[in-house]
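Heads up: the structure comes next, in structure tokens.
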Number of protein chains: 2
Amino acid sequence: MTNLTRADLAVLDTQDPLASRRALFEIPEGVIYLDGNSLGVLPKAARQRVAQVVEQEWGVDLIRSWGKAGWMDLATKVGGKIAALVGAKPNEVIAADTTSLNLFKLASAALKLRPGRRKIVSEAGNFPTDLYILQGVVAQVGQGVELVVAERGRVLDAVDEDTALVVLTHVHYKSAEIFDMAGVTAAVQAKGALMLWDLSHSTGAVDIDLNAAKADLAIGCGYKYLNGGPGAPAFLFVAEQHLPGLEQPLSGWMGHARPFDFVDQYEPVGDIRRALCGTPPVLALSALDSALDAFDGVSMQEVRAKSMLQRRTLLDLIKQRCAAFDFGFEPDGDARTRGSHVSIHHPEAYAICQALIARGVIGDFRAPDALRLGLTPLYLGYADLWDAVEHLVQVMEGKAWDSPQFQARAAVT
Amino acid sequence: MTNLTRADLAVLDTQDPLASRRALFEIPEGVIYLDGNSLGVLPKAARQRVAQVVEQEWGVDLIRSWGKAGWMDLATKVGGKIAALVGAKPNEVIAADTTSLNLFKLASAALKLRPGRRKIVSEAGNFPTDLYILQGVVAQVGQGVELVVAERGRVLDAVDEDTALVVLTHVHYKSAEIFDMAGVTAAVQAKGALMLWDLSHSTGAVDIDLNAAKADLAIGCGYKYLNGGPGAPAFLFVAEQHLPGLEQPLSGWMGHARPFDFVDQYEPVGDIRRALCGTPPVLALSALDSALDAFDGVSMQEVRAKSMLQRRTLLDLIKQRCAAFDFGFEPDGDARTRGSHVSIHHPEAYAICQALIARGVIGDFRAPDALRLGLTPLYLGYADLWDAVEHLVQVMEGKAWDSPQFQARAAVT
């Protein structure tokens with residue numbers, strides 16, 4: 001490996017076909033933002049849209065905006081935009097609630113689609129809220145239904161004729177490892193089980209083709225690589241063939257066939273809207289809607305190519321310049337088997353993360369010892385990576401992270 | 001009854017102790033807004049706050065705002081403000097998700113708090129989403145648990161030793177009838193069941209004392225009389241004594257005792273936050289937070305007194321001036337047994353509603369034949385009521401509502 005220089009990276013920036021996208025976002029002065037995998041930056045379009053929704057749609061048009069401003073159709077409209085990013089048909093995706101709630105809906109529905117089967121299988125160390133929600137589902141349905149959590153390499157061994165559903169996160173939130181979506185889906189379906197993918201750490205950064213992989217169900221997050229804003233609505237995917245039979249328990253009025261008839265009996269609408277529950281948070285959903293326009297005219301293959309090159313570059317830079325500092329690295333895989341963030345390990349990862357943040361290099365810490373750095377192809381440059389690593393070197397050399405200021409453990413950072 | 005004049009109403013406005021509150025809100029030019037029971041108007045403070053959250057908290061501080069801007073504590077902070085409006089302790093209320101989802105959580109939790117009991121009782125014609133959600137709960141838990149829906153006058157007769165939970169809406173969304181909260185709660189608890197109140201059409205307009213009524217559980221809406229914006233987060237109440245045993249199935253990461261430990265096993269936090277699920281929509285929750293400040297220094301008794309007088313006044317005006325037009329009225333009850341809206345009935349209610357909206361008098365239509373007019377004491381004046389009825393008279397006299405323009409039935413208006 002030839003040592004990289006900042007000039008090499010500046011050249012990559014000039015050749016970057018996505019470079020012009022950066023102007024669509026507000027990147028704060030003095031910040032190198034490596035946390036778009038946790039909360040994406042503000043798209044300029046979202047700022048304008050939220051102002052418009054507040055001032056005009058809420059402030060002036062008020063209740064009339066349900067029709068006039070299209071609030072009633074916003075969830076399906078946003079779903080259609082997301083469908084284009086994940087290889088789904090527009091009628092298979094809808095924006096709603098939170099990732100956690102959408103998992104609750106679809107895992108519950110899967111048990112009804114596979115009656116008699118009593119196992120849900122997932123991965124130990126999966127994104128925690130996924131496991132928590134599945135624990136909630138099995139506790140509620142009872143009847144011997146259980147959650148089986150297997151080590152990553154043994155998940156498929158745990159899938160059998162009694163398995164209703166397998167829930168896996170496509171890109172692991174810490175290690176960034178990617179499951180082979182088509183291969184795993186086929187193996188799961190060969191046992192007669194349904195496959196649900198959590199796309200939270202993939203959507204908007206990794207190319208996904210749910211239809212090609214024949215995935216049954218999926219969920220994902222709106223506030224990471226989709227830049228929908230803090231706590232943006234999430235989304236869910238239901239393969240077309242499962243829609244007519246989809247019975248989900250969070251059966252609120254927005255999923256009713258005739259929500260304005262105000263009848264006593266729930267009757268789900270025939271399409272993907274049956275996955276809706278209550279009234280959507282219009283401000284947040286509108287922000288997400290406009291944020292998605294940053295992907296207009298971009299192919300996910302282009303995004304993925306940049307993400308892979310940035311990931312490789314960042315890891316090379318850290319290995320090149322931080323060899324003296326005892327960072328631990330994940331096993332080095334083929335770039336195609338890793339998502340769009342890097343986790344490096346250090347006993348003082350928390351304090352190092354704080355020291356970097358104090359310098360404007362914003363990544364995050366994941367217990368117990370991971371410094372996680374996210375790569376967001378739409379707005380992150382290659383020279384940014386050099387500068388981030390330069391700060392990391394300075395932090396490590398100066399041991400700034402050793403001071404009490406950066407040792408104090410806050411609840412959230 | 002002496003006939004009222006517009007001058008009489010103008011005098012009431014000059015004597016209104018809440019009159020100054022109107023300046024806290026954006027009331028659109030030319031609009032008389034009688035739909036604050038469906039979507040409250042825009043508080044000026046909410047407009048400023050949303051801009052601040054977008055520009056600074058999201059745009060500049062980004063992920064750091066979870067701590068720095070207090071995002072992590074926003075749900076409990078908002079809950080505390082709402083607690084003050086409903087006679088609850090601050091630690092008994094939290095803002096979260098939607099009314100529908102909060103009902104799912106608490107109804108499910110109630111079944112666990114009353115193990116072995118297999119009935120949930122509610123009212124026929126209750127707010128539809130409440131019934132839909134309860135249908136979802138019983139379908140999911142199985143084990144012979146059933147939803148019993150009784151006519152309003154027979155609800156208590158349906159409550160027996162097998163009843164785990166009774167779910168009623170405090171102010172009926174159509175008729176505005178109010179249940180006697182303390183009396184019904186006591187009767188339900190005498191059978192060993194738990195009482196859950198839906199406060200969606202009460203909170204912010206009717207004085208409520210959950211603690212005095214010894215209510216067990218409650219839910220309510222953030223976007224009606226609380227003016228939190230379209231699809232604002234909802235809230236829920238759990239009486240202190242039930243908190244330690246509260247097990248709710250939507251067990252997402254925000255309800256975990258140590259959400260940042262990223263462990264595989266769900267363990268609910270000890271306090272009201274165990275009713276949380278996924279990441280809250282921060283823009284929407286912030287709007288609600290600032291909207292609630294309009295209630296600072298106002299007593300709910302004062303709000304209630306104005307609401308009752310406005311309701312009486314509006315009904316008197318309609319009866320006085322629209323006697324020729326065959327409106328049907330709800331049975332006339334004591335003002336204290338009615339909430340803060342009026343429903344009048346007419347076979348052409350839908351078209352009449354459209355004709356009024358075209359004139360800037362915004363109420364809403366509720367199937368099959370109700371014209372519903374909401375009274376929002378914080379920003380509605382008495383002379384507004386005169387003007388609204390004047391428009392109604394003109395609509396009825398001109399039969400504008402008879403034209404094709406106002407007959408077309410839209411999905412949502």
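Each chain of the structure tokens is named A, B, ... in the order shown, its residues numbered from 1; ligands are numbered from 1 in display order.
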
Please write out chain B, superposed on chain A by least squares over all C-alpha atoms matched in order, as a short mmCIF file (atom, residue, chain, number, x, y, z; two decimals) with C-alpha atoms, in the first residue's frame.
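part_24.cif written:
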```
data_model
loop_
_atom_site.label_atom_id
_atom_site.label_comp_id
_atom_site.auth_asym_id
_atom_site.auth_seq_id
_atom_site.Cartn_x
_atom_site.Cartn_y
_atom_site.Cartn_z
CA MET B 1 0.02 -0.01 0.01
CA THR B 2 1.46 3.33 -1.07
CA ASN B 3 0.97 5.98 1.55
CA LEU B 4 -1.89 8.30 0.74
CA THR B 5 -1.47 12.08 0.86
CA ARG B 6 -4.04 14.81 1.29
CA ALA B 7 -3.39 15.79 -2.33
CA ASP B 8 -4.40 12.30 -3.47
CA LEU B 9 -7.69 12.72 -1.68
CA ALA B 10 -8.28 16.18 -3.06
CA VAL B 11 -7.93 14.68 -6.52
CA LEU B 12 -10.57 12.09 -5.68
CA ASP B 13 -12.89 14.94 -4.71
CA THR B 14 -12.44 16.59 -8.09
CA GLN B 15 -13.36 13.30 -9.77
CA ASP B 16 -16.34 12.55 -7.53
CA PRO B 17 -19.57 12.37 -9.57
CA LEU B 18 -21.55 13.02 -6.38
CA ALA B 19 -19.54 16.07 -5.34
CA SER B 20 -22.24 18.49 -6.41
CA ARG B 21 -24.74 16.91 -4.01
CA ARG B 22 -22.95 18.40 -1.04
CA ALA B 23 -24.42 21.80 -1.87
CA LEU B 24 -27.87 20.41 -1.14
CA PHE B 25 -26.99 20.10 2.55
CA GLU B 26 -26.08 22.35 5.44
CA ILE B 27 -22.71 21.23 6.69
CA PRO B 28 -21.89 23.21 9.82
CA GLU B 29 -18.78 25.36 9.66
CA GLY B 30 -15.76 23.61 11.16
CA VAL B 31 -17.42 20.23 11.36
CA ILE B 32 -16.38 16.97 9.74
CA TYR B 33 -19.50 14.94 10.15
CA LEU B 34 -18.97 11.21 10.45
CA ASP B 35 -22.27 10.45 12.13
CA GLY B 36 -24.73 10.56 9.26
CA ASN B 37 -25.35 6.90 10.04
CA SER B 38 -26.92 8.06 13.29
CA LEU B 39 -28.46 11.41 12.29
CA GLY B 40 -28.12 12.75 8.76
CA VAL B 41 -27.37 16.43 8.22
CA LEU B 42 -30.00 19.01 7.31
CA PRO B 43 -30.95 19.12 3.65
CA LYS B 44 -31.63 22.69 2.56
CA ALA B 45 -34.86 21.51 0.95
CA ALA B 46 -36.07 20.12 4.27
CA ARG B 47 -35.49 23.43 5.99
CA GLN B 48 -37.60 25.21 3.38
CA ARG B 49 -40.25 22.54 3.43
CA VAL B 50 -40.68 22.54 7.19
CA ALA B 51 -41.05 26.32 7.15
CA GLN B 52 -43.68 26.00 4.42
CA VAL B 53 -45.59 23.33 6.33
CA VAL B 54 -45.55 25.35 9.53
CA GLU B 55 -46.35 28.74 8.01
CA GLN B 56 -48.79 27.88 5.28
CA GLU B 57 -50.10 24.35 5.66
CA TRP B 58 -50.56 24.41 9.41
CA GLY B 59 -50.65 28.15 10.05
CA VAL B 60 -53.02 29.23 7.28
CA ASP B 61 -54.70 26.27 5.64
CA LEU B 62 -55.04 24.30 8.86
CA ILE B 63 -57.32 21.28 8.71
CA ARG B 64 -57.85 21.82 4.97
CA SER B 65 -54.27 20.71 4.39
CA TRP B 66 -55.22 17.08 4.81
CA GLY B 67 -56.58 17.32 1.30
CA LYS B 68 -55.13 20.52 -0.14
CA ALA B 69 -51.51 19.90 0.87
CA GLY B 70 -51.72 16.15 0.43
CA TRP B 71 -51.12 15.23 4.07
CA MET B 72 -53.39 12.24 3.68
CA ASP B 73 -51.23 10.79 0.91
CA LEU B 74 -47.84 11.77 2.28
CA ALA B 75 -47.01 8.37 3.80
CA THR B 76 -47.49 6.56 0.49
CA LYS B 77 -45.72 9.30 -1.46
CA VAL B 78 -42.66 9.05 0.79
CA GLY B 79 -42.88 5.27 0.64
CA GLY B 80 -42.69 5.42 -3.14
CA LYS B 81 -39.53 7.51 -3.01
CA ILE B 82 -37.89 5.09 -0.59
CA ALA B 83 -38.99 2.12 -2.69
CA ALA B 84 -36.81 3.43 -5.50
CA LEU B 85 -33.77 3.29 -3.20
CA VAL B 86 -34.30 -0.27 -2.01
CA GLY B 87 -35.35 -2.13 -5.13
CA ALA B 88 -39.03 -2.35 -4.27
CA LYS B 89 -42.23 -1.48 -6.09
CA PRO B 90 -43.76 1.84 -5.03
CA ASN B 91 -46.84 0.08 -3.65
CA GLU B 92 -44.71 -2.12 -1.38
CA VAL B 93 -43.24 0.62 0.83
CA ILE B 94 -44.80 3.15 3.17
CA ALA B 95 -43.44 5.63 5.69
CA ALA B 96 -44.81 5.23 9.20
CA ASP B 97 -44.11 5.45 12.90
CA THR B 98 -40.68 4.23 14.02
CA THR B 99 -38.44 1.37 13.00
CA SER B 100 -39.25 -0.35 16.28
CA LEU B 101 -43.00 -0.07 15.77
CA ASN B 102 -42.76 -1.22 12.18
CA LEU B 103 -40.88 -4.30 13.30
CA PHE B 104 -43.61 -5.01 15.84
CA LYS B 105 -46.22 -4.82 13.09
CA LEU B 106 -44.41 -6.99 10.60
CA ALA B 107 -43.11 -9.60 13.04
CA SER B 108 -46.63 -9.98 14.41
CA ALA B 109 -48.03 -10.20 10.90
CA ALA B 110 -45.45 -12.84 9.97
CA LEU B 111 -46.67 -15.11 12.77
CA LYS B 112 -50.14 -14.92 11.24
CA LEU B 113 -48.79 -15.58 7.76
CA ARG B 114 -47.08 -18.71 9.05
CA PRO B 115 -49.63 -20.07 11.51
CA GLY B 116 -48.52 -22.94 13.71
CA ARG B 117 -44.85 -22.05 13.45
CA ARG B 118 -43.51 -20.93 16.79
CA LYS B 119 -40.03 -19.55 16.28
CA ILE B 120 -38.66 -16.15 15.41
CA VAL B 121 -34.92 -16.29 14.78
CA SER B 122 -32.53 -13.39 15.04
CA GLU B 123 -28.89 -12.63 15.65
CA ALA B 124 -27.19 -12.15 19.01
CA GLY B 125 -25.87 -8.62 19.05
CA ASN B 126 -28.40 -7.46 16.49
CA PHE B 127 -29.42 -3.83 16.79
CA PRO B 128 -30.82 -3.89 20.34
CA THR B 129 -34.23 -2.39 19.72
CA ASP B 130 -34.94 -5.14 17.19
CA LEU B 131 -34.37 -7.78 19.84
CA TYR B 132 -36.34 -5.82 22.43
CA ILE B 133 -39.30 -5.53 20.11
CA LEU B 134 -39.20 -9.21 19.20
CA GLN B 135 -39.16 -10.00 22.92
CA GLY B 136 -42.26 -7.83 23.21
CA VAL B 137 -43.98 -9.66 20.36
CA VAL B 138 -43.39 -13.14 21.74
CA ALA B 139 -44.38 -12.08 25.28
CA GLN B 140 -47.64 -10.79 23.91
CA VAL B 141 -48.65 -13.60 21.61
CA GLY B 142 -47.72 -16.37 24.04
CA GLN B 143 -48.77 -19.80 22.77
CA GLY B 144 -45.25 -21.12 22.98
CA VAL B 145 -43.90 -18.67 20.45
CA GLU B 146 -40.26 -17.99 21.21
CA LEU B 147 -37.42 -15.82 20.10
CA VAL B 148 -34.28 -17.74 19.22
CA VAL B 149 -31.13 -15.65 19.17
CA ALA B 150 -28.14 -17.26 17.51
CA GLU B 151 -24.57 -16.17 16.95
CA ARG B 152 -24.07 -14.56 13.57
CA GLY B 153 -22.51 -17.58 11.91
CA ARG B 154 -25.19 -19.93 13.25
CA VAL B 155 -28.36 -18.05 12.45
CA LEU B 156 -29.25 -20.22 9.49
CA ASP B 157 -28.62 -23.39 11.50
CA ALA B 158 -31.34 -22.21 13.89
CA VAL B 159 -33.92 -21.95 11.13
CA ASP B 160 -36.15 -24.97 10.84
CA GLU B 161 -39.66 -26.13 9.94
CA ASP B 162 -40.98 -24.48 13.11
CA THR B 163 -39.56 -21.07 12.18
CA ALA B 164 -42.07 -18.43 11.12
CA LEU B 165 -39.69 -15.54 10.65
CA VAL B 166 -36.03 -14.60 10.54
CA VAL B 167 -35.12 -11.00 11.41
CA LEU B 168 -31.67 -9.76 10.49
CA THR B 169 -30.08 -6.38 10.08
CA HIS B 170 -28.61 -6.06 6.62
CA VAL B 171 -25.64 -3.92 7.68
CA HIS B 172 -24.58 -4.53 11.26
CA TYR B 173 -24.70 -1.32 13.30
CA LYS B 174 -21.29 -1.89 14.84
CA SER B 175 -19.20 -4.12 12.62
CA ALA B 176 -20.76 -2.93 9.34
CA GLU B 177 -20.82 -6.53 8.15
CA ILE B 178 -23.36 -7.18 5.42
CA PHE B 179 -25.44 -10.27 5.09
CA ASP B 180 -25.85 -11.74 1.63
CA MET B 181 -29.44 -10.66 1.21
CA ALA B 182 -30.41 -12.95 -1.64
CA GLY B 183 -28.56 -15.97 -0.30
CA VAL B 184 -29.86 -15.72 3.25
CA THR B 185 -33.39 -15.00 2.06
CA ALA B 186 -33.36 -18.08 -0.15
CA ALA B 187 -32.04 -20.27 2.66
CA VAL B 188 -34.69 -19.01 5.06
CA GLN B 189 -37.48 -19.42 2.54
CA ALA B 190 -36.28 -22.94 1.76
CA LYS B 191 -37.41 -23.80 5.30
CA GLY B 192 -40.77 -22.18 4.66
CA ALA B 193 -40.01 -19.18 6.89
CA LEU B 194 -40.33 -15.52 6.04
CA MET B 195 -37.36 -13.17 5.85
CA LEU B 196 -37.45 -9.66 7.34
CA TRP B 197 -34.53 -7.31 6.74
CA ASP B 198 -33.76 -4.31 8.92
CA LEU B 199 -32.30 -1.81 6.46
CA SER B 200 -31.64 0.96 8.97
CA HIS B 201 -27.91 1.00 8.38
CA SER B 202 -28.16 0.36 4.66
CA THR B 203 -30.83 2.52 3.08
CA GLY B 204 -29.34 5.50 1.32
CA ALA B 205 -25.76 4.24 1.49
CA VAL B 206 -25.77 0.67 0.24
CA ASP B 207 -27.43 -0.60 -2.91
CA ILE B 208 -30.30 -2.90 -2.06
CA ASP B 209 -32.61 -4.86 -4.29
CA LEU B 210 -35.38 -6.29 -2.14
CA ASN B 211 -37.32 -7.59 -5.12
CA ALA B 212 -34.32 -9.27 -6.70
CA ALA B 213 -33.53 -10.89 -3.35
CA LYS B 214 -37.18 -11.98 -3.07
CA ALA B 215 -37.32 -10.49 0.43
CA ASP B 216 -40.65 -10.87 2.21
CA LEU B 217 -40.56 -7.98 4.64
CA ALA B 218 -38.28 -5.09 5.58
CA ILE B 219 -38.07 -2.08 7.85
CA GLY B 220 -35.74 0.87 7.92
CA CYS B 221 -34.91 4.22 9.39
CA GLY B 222 -35.65 7.70 8.04
CA TYR B 223 -33.12 9.76 10.00
CA LYS B 224 -29.81 8.10 9.18
CA TYR B 225 -28.64 8.05 5.56
CA LEU B 226 -32.00 9.37 4.37
CA ASN B 227 -31.45 12.63 6.26
CA GLY B 228 -35.07 12.98 7.34
CA GLY B 229 -34.28 14.76 10.59
CA PRO B 230 -34.18 13.75 14.26
CA GLY B 231 -36.74 11.04 14.88
CA ALA B 232 -37.97 11.12 11.28
CA PRO B 233 -40.64 8.54 10.47
CA ALA B 234 -39.38 5.12 9.54
CA PHE B 235 -40.52 2.91 6.68
CA LEU B 236 -41.58 -0.63 6.04
CA PHE B 237 -41.71 -2.93 3.03
CA VAL B 238 -44.14 -5.76 2.41
CA ALA B 239 -43.65 -7.85 -0.74
CA GLU B 240 -46.72 -7.54 -2.93
CA GLN B 241 -47.78 -11.16 -2.54
CA HIS B 242 -48.04 -10.80 1.23
CA LEU B 243 -50.13 -7.64 1.22
CA PRO B 244 -53.58 -9.18 0.92
CA GLY B 245 -52.95 -11.46 3.90
CA LEU B 246 -51.09 -8.97 6.06
CA GLU B 247 -52.77 -8.67 9.45
CA GLN B 248 -50.93 -6.41 11.82
CA PRO B 249 -52.07 -5.70 15.35
CA LEU B 250 -51.44 -1.93 15.49
CA SER B 251 -54.71 -1.49 13.67
CA GLY B 252 -55.33 2.23 13.94
CA TRP B 253 -57.66 4.38 11.89
CA MET B 254 -55.11 5.30 9.19
CA GLY B 255 -55.05 1.66 8.06
CA HIS B 256 -58.81 1.39 7.75
CA ALA B 257 -60.48 0.82 4.38
CA ARG B 258 -62.80 3.79 5.01
CA PRO B 259 -61.28 5.88 7.80
CA PHE B 260 -63.89 8.60 7.51
CA ASP B 261 -66.89 6.34 7.82
CA PHE B 262 -66.27 6.16 11.58
CA VAL B 263 -67.61 2.66 11.91
CA ASP B 264 -66.93 0.48 14.94
CA GLN B 265 -65.35 -2.46 13.14
CA TYR B 266 -61.77 -2.39 11.87
CA GLU B 267 -61.45 -3.40 8.26
CA PRO B 268 -57.98 -3.00 6.78
CA VAL B 269 -57.57 -1.24 3.47
CA GLY B 270 -56.39 -3.57 0.72
CA ASP B 271 -53.00 -2.00 0.07
CA ILE B 272 -49.81 -1.14 1.93
CA ARG B 273 -51.66 1.49 3.98
CA ARG B 274 -52.93 -1.35 6.14
CA ALA B 275 -49.55 -1.11 7.83
CA LEU B 276 -50.42 2.40 9.06
CA CYS B 277 -51.70 3.02 12.55
CA GLY B 278 -52.36 6.54 13.90
CA THR B 279 -52.00 10.05 12.54
CA PRO B 280 -48.52 10.67 11.13
CA PRO B 281 -46.30 13.48 12.44
CA VAL B 282 -46.76 15.75 9.44
CA LEU B 283 -43.85 18.11 10.15
CA ALA B 284 -41.43 15.21 10.44
CA LEU B 285 -42.88 13.31 7.50
CA SER B 286 -42.70 16.42 5.31
CA ALA B 287 -39.05 16.92 6.22
CA LEU B 288 -38.33 13.35 5.22
CA ASP B 289 -40.25 13.77 1.98
CA SER B 290 -38.15 16.71 0.89
CA ALA B 291 -34.91 15.18 2.20
CA LEU B 292 -35.38 12.27 -0.17
CA ASP B 293 -35.18 14.59 -3.15
CA ALA B 294 -31.42 14.71 -2.60
CA PHE B 295 -31.40 11.23 -4.13
CA ASP B 296 -33.15 12.37 -7.31
CA GLY B 297 -31.11 11.39 -10.33
CA VAL B 298 -28.53 9.51 -8.27
CA SER B 299 -28.11 5.80 -8.73
CA MET B 300 -27.58 3.75 -5.60
CA GLN B 301 -24.75 1.99 -7.43
CA GLU B 302 -22.97 5.32 -7.67
CA VAL B 303 -23.58 5.99 -3.97
CA ARG B 304 -22.39 2.52 -3.08
CA ALA B 305 -19.23 2.85 -5.15
CA LYS B 306 -18.28 6.05 -3.37
CA SER B 307 -19.13 4.58 0.02
CA MET B 308 -16.88 1.58 -0.58
CA LEU B 309 -14.01 3.74 -1.76
CA GLN B 310 -14.40 6.09 1.19
CA ARG B 311 -14.50 3.22 3.62
CA ARG B 312 -11.35 1.67 2.16
CA THR B 313 -9.67 5.06 2.17
CA LEU B 314 -10.56 5.83 5.77
CA LEU B 315 -9.34 2.47 6.99
CA ASP B 316 -6.11 2.80 5.01
CA LEU B 317 -5.53 6.27 6.42
CA ILE B 318 -6.09 5.15 10.00
CA LYS B 319 -3.83 2.14 9.60
CA GLN B 320 -1.21 4.28 7.88
CA ARG B 321 -1.19 7.12 10.38
CA CYS B 322 -2.34 5.57 13.66
CA ALA B 323 -0.30 2.39 13.71
CA ALA B 324 1.28 3.46 17.00
CA PHE B 325 -1.95 3.80 18.88
CA ASP B 326 -3.21 0.27 19.34
CA PHE B 327 -6.51 0.50 17.60
CA GLY B 328 -8.28 -2.77 17.02
CA PHE B 329 -9.89 -3.37 13.66
CA GLU B 330 -12.72 -5.59 12.52
CA PRO B 331 -11.60 -8.55 10.41
CA ASP B 332 -10.87 -7.16 7.00
CA GLY B 333 -13.53 -8.27 4.57
CA ASP B 334 -14.22 -7.69 0.94
CA ALA B 335 -15.56 -4.12 0.67
CA ARG B 336 -18.76 -5.52 -0.79
CA THR B 337 -19.44 -7.33 2.46
CA ARG B 338 -19.25 -4.17 4.55
CA GLY B 339 -21.60 -1.21 4.87
CA SER B 340 -20.93 2.49 5.06
CA HIS B 341 -19.29 2.96 8.41
CA VAL B 342 -16.11 1.97 10.15
CA SER B 343 -15.80 0.84 13.76
CA ILE B 344 -12.38 0.87 15.33
CA HIS B 345 -11.79 -0.38 18.81
CA HIS B 346 -9.85 1.11 21.70
CA PRO B 347 -10.24 0.81 25.47
CA GLU B 348 -10.54 4.60 25.62
CA ALA B 349 -12.88 4.85 22.66
CA TYR B 350 -15.41 6.89 24.61
CA ALA B 351 -12.92 9.57 25.64
CA ILE B 352 -11.28 9.62 22.21
CA CYS B 353 -14.68 10.15 20.65
CA GLN B 354 -15.33 13.09 23.00
CA ALA B 355 -11.97 14.63 22.19
CA LEU B 356 -12.68 14.36 18.48
CA ILE B 357 -16.11 15.91 18.89
CA ALA B 358 -14.51 18.81 20.73
CA ARG B 359 -12.46 19.35 17.58
CA GLY B 360 -15.52 19.22 15.34
CA VAL B 361 -14.92 15.68 14.13
CA ILE B 362 -18.20 14.06 14.96
CA GLY B 363 -18.42 10.31 15.13
CA ASP B 364 -19.97 8.26 17.88
CA PHE B 365 -19.20 5.74 20.54
CA ARG B 366 -20.80 2.34 20.77
CA ALA B 367 -20.31 0.34 23.94
CA PRO B 368 -18.07 -1.16 25.03
CA ASP B 369 -15.12 0.09 23.01
CA ALA B 370 -16.06 1.13 19.48
CA LEU B 371 -15.37 4.48 17.85
CA ARG B 372 -17.80 4.49 14.96
CA LEU B 373 -17.25 6.70 11.93
CA GLY B 374 -19.98 6.95 9.32
CA LEU B 375 -19.52 7.61 5.64
CA THR B 376 -22.26 9.50 3.85
CA PRO B 377 -21.56 9.62 0.14
CA LEU B 378 -23.95 12.44 -0.66
CA TYR B 379 -22.16 15.02 1.42
CA LEU B 380 -18.81 13.73 2.65
CA GLY B 381 -15.65 14.48 0.70
CA TYR B 382 -12.43 12.52 0.49
CA ALA B 383 -10.26 15.33 1.86
CA ASP B 384 -12.62 15.35 4.85
CA LEU B 385 -11.33 11.88 5.61
CA TRP B 386 -7.75 13.09 5.64
CA ASP B 387 -8.63 15.95 7.94
CA ALA B 388 -10.56 13.68 10.28
CA VAL B 389 -7.62 11.32 10.60
CA GLU B 390 -5.28 14.26 11.12
CA HIS B 391 -7.41 15.24 14.11
CA LEU B 392 -7.39 11.67 15.34
CA VAL B 393 -3.59 11.60 15.17
CA GLN B 394 -3.38 14.86 17.10
CA VAL B 395 -5.81 13.60 19.72
CA MET B 396 -3.83 10.39 20.16
CA GLU B 397 -0.45 12.13 20.20
CA GLY B 398 -1.61 14.81 22.60
CA LYS B 399 -3.50 12.32 24.67
CA ALA B 400 -6.20 14.96 24.97
CA TRP B 401 -8.51 12.03 25.49
CA ASP B 402 -6.71 11.26 28.72
CA SER B 403 -7.92 14.43 30.44
CA PRO B 404 -10.86 14.36 32.86
CA GLN B 405 -12.82 16.54 30.44
CA PHE B 406 -13.10 13.70 27.97
CA GLN B 407 -13.38 10.87 30.44
CA ALA B 408 -16.71 11.89 31.98
CA ARG B 409 -19.26 9.49 30.65
CA ALA B 410 -22.46 11.24 29.63
CA ALA B 411 -25.71 9.39 29.11
CA VAL B 412 -25.89 10.56 25.53
CA THR B 413 -23.42 12.47 23.45
#
```

Report task. Report the residues of segment 45-211 of chain B whose backbone DSSP state falls under strand (DSSP E), written as a PyMOL selection string. Result -> chain B and resi 93-96+119-123+146-150+163-169+194-198

Report task. Write out as JSON, numbers by chain all residues of segment 141-346 of chain A that backbone DSSP assigns to alpha helix (DSSP H). Result -> {"A": [141, 181, 182, 183, 184, 185, 186, 187, 188, 189, 190, 282, 283, 284, 285, 286, 287, 288, 289, 290, 291, 300, 301, 302, 303, 304, 305, 306, 307, 308, 309, 310, 311, 312, 313, 314, 315, 316, 317, 318, 319, 320, 321]}
